[in-house]
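These notes concern the structure reproduced below.
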Amino acid sequence: MAGHIGTKCIVCGEKFTSEDDVVICPQCGTPYHRACYEKNGKCINDVLHQNGGVWKPSYEADQTAGDAGTVCAFCGYTNPPLTLFCRRCGMPSQNISSESDRMEQRYNGANINDDSGAYNGNANSGTAFNPFLINFSDPLCGLSPDEDFNGVKLSELGDFVGTNTHYYIPLFKQFKEYGRKFSVNFCAMLFPELYFSYRKMPLAALIALVLRLISEIPRFIYFFAGTSEFGIFSSLASGFDIRSAAFQGLIILSTVIYYAVMLTFGFFGNKLYYDNSIRRIKKIKASSEGTALRSEITKKGGTSALLLTLFICLAALPYMAMYFIQLFSVFSIK
């Protein structure tokens, strides 16, 4: 409701207040006093309906009016009343007023909010450690919810990501604006199959798991060849000359592959997640519409504890199998 306070009802021309009973058109988002909407029986914002547009608030820059928008002292943008952070530059609406405060928000001597591509007060890297530059009260980090990301709205991306948007949204902005392909994701680097399964990317998780297990095959052979406790596996492994130069080279190659897989997913995991999010949201939008669209995006996105548990079990399966084979061998000898 706060986003409409200070704007005018297009039927009666009166401004909305926090006490008003407001209804919203589900198609275009135009707000009405309930009595005004019931008087017409429908949304009368025909222009938006014909053009497929979405209602956007406009505020009067009259600071004397108690319910009017407030002007950001940093960039001059007129925001809705009660807004904690400027919707254009992301700066606190009340705290940034003096020149000394503004100077603290400059980068290399230039006002970073003068950049048309600036967001959250940081047009260069998208990662800010100054608390004034990150709007933690907004899951979209102060960016416009209608901003286009290759055919997908930012609000839809936020709904799909669900958790930890303050980490992902600035990264997605960099991928879009600067064409970046990689960033560091330590979870995807150390446990790629667990990271991708948690973010509902089972195919990527399966590929990561298979590649990692394949790279460990020479080490398994080396381990089995050094013991007779694993029955047929030890017998098969004994057929390899583990002391030969060729096998030692295979061990080195498998180690290189193992770390290459880790680094690849660590550096490109976020980009893979971004591309997957865009692709899946487009697919959802093609099959869903109206009020069900947002709930479907939220349902299909987010995280999955079930998939994570499944891939933890799959990753542990070879080691559990080794344990039970060894245990069975011990009891068989007795």
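Ligands are numbered from 1 in the order shown, residues from 1 within each chain, and chains are lettered A, B, ... in the order they appear in the structure tokens.
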If we count only C-alpha atoms and set the cut-off at 6 Å, which residues sit around range 266-271 of chain A, ignoring sequence neighbours fewer than 6 positions away in its own chain? Please answer as an mmCIF file with N, CA and C atoms, in the first residue's frame.
```cif
data_model
loop_
_atom_site.group_PDB
_atom_site.id
_atom_site.type_symbol
_atom_site.label_atom_id
_atom_site.label_comp_id
_atom_site.auth_asym_id
_atom_site.auth_seq_id
_atom_site.Cartn_x
_atom_site.Cartn_y
_atom_site.Cartn_z
ATOM 1 N N PHE A 182 32.046 -14.369 -15.508
ATOM 2 C CA PHE A 182 32.443 -15.147 -14.333
ATOM 3 C C PHE A 182 32.490 -14.281 -13.090
ATOM 4 N N SER A 183 32.370 -14.947 -11.974
ATOM 5 C CA SER A 183 32.539 -14.366 -10.645
ATOM 6 C C SER A 183 32.880 -15.540 -9.733
ATOM 7 N N VAL A 184 33.317 -15.260 -8.528
ATOM 8 C CA VAL A 184 33.753 -16.332 -7.634
ATOM 9 C C VAL A 184 32.601 -16.756 -6.730
ATOM 10 N N ASN A 185 32.293 -18.047 -6.770
ATOM 11 C CA ASN A 185 31.298 -18.643 -5.894
ATOM 12 C C ASN A 185 31.958 -19.843 -5.209
ATOM 13 N N PHE A 186 32.345 -19.674 -3.943
ATOM 14 C CA PHE A 186 33.102 -20.711 -3.256
ATOM 15 C C PHE A 186 32.272 -21.965 -2.995
ATOM 16 N N ALA A 188 29.945 -23.154 -5.052
ATOM 17 C CA ALA A 188 29.950 -23.876 -6.324
ATOM 18 C C ALA A 188 31.326 -24.452 -6.632
ATOM 19 N N MET A 189 32.382 -23.860 -6.079
ATOM 20 C CA MET A 189 33.732 -24.353 -6.312
ATOM 21 C C MET A 189 34.027 -25.602 -5.489
#
```
Query raised in the report: Could you pull the residues within 10 Å of Val152 in chain A, counting only C-alpha atoms, minus those fewer than 2 positions along the same chain, as an MDAnalysis selection string?
Result: chainID A and resid 146:150 154:157 277:279 281:282 285
Query raised in the report: So what do you get for CA of Ile284 in chain A versus CA of Ile44 in chain A, distance-wise?
Result: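 Separation between CA of Ile284 in chain A and CA of Ile44 in chain A: 29.0 Å.
Nearest to Ala292 in chain A of all the residues A:Pro26, A:Lys15, A:His4, A:Ile10 is A:Pro26, counting only C-alpha atoms.
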Query raised in the report: What is the CA of Gly158 in chain A to CA of Leu307 in chain A distance in Å?
Result: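 Atom-to-atom, CA of Gly158 in chain A to CA of Leu307 in chain A, that is 21.1 Å.
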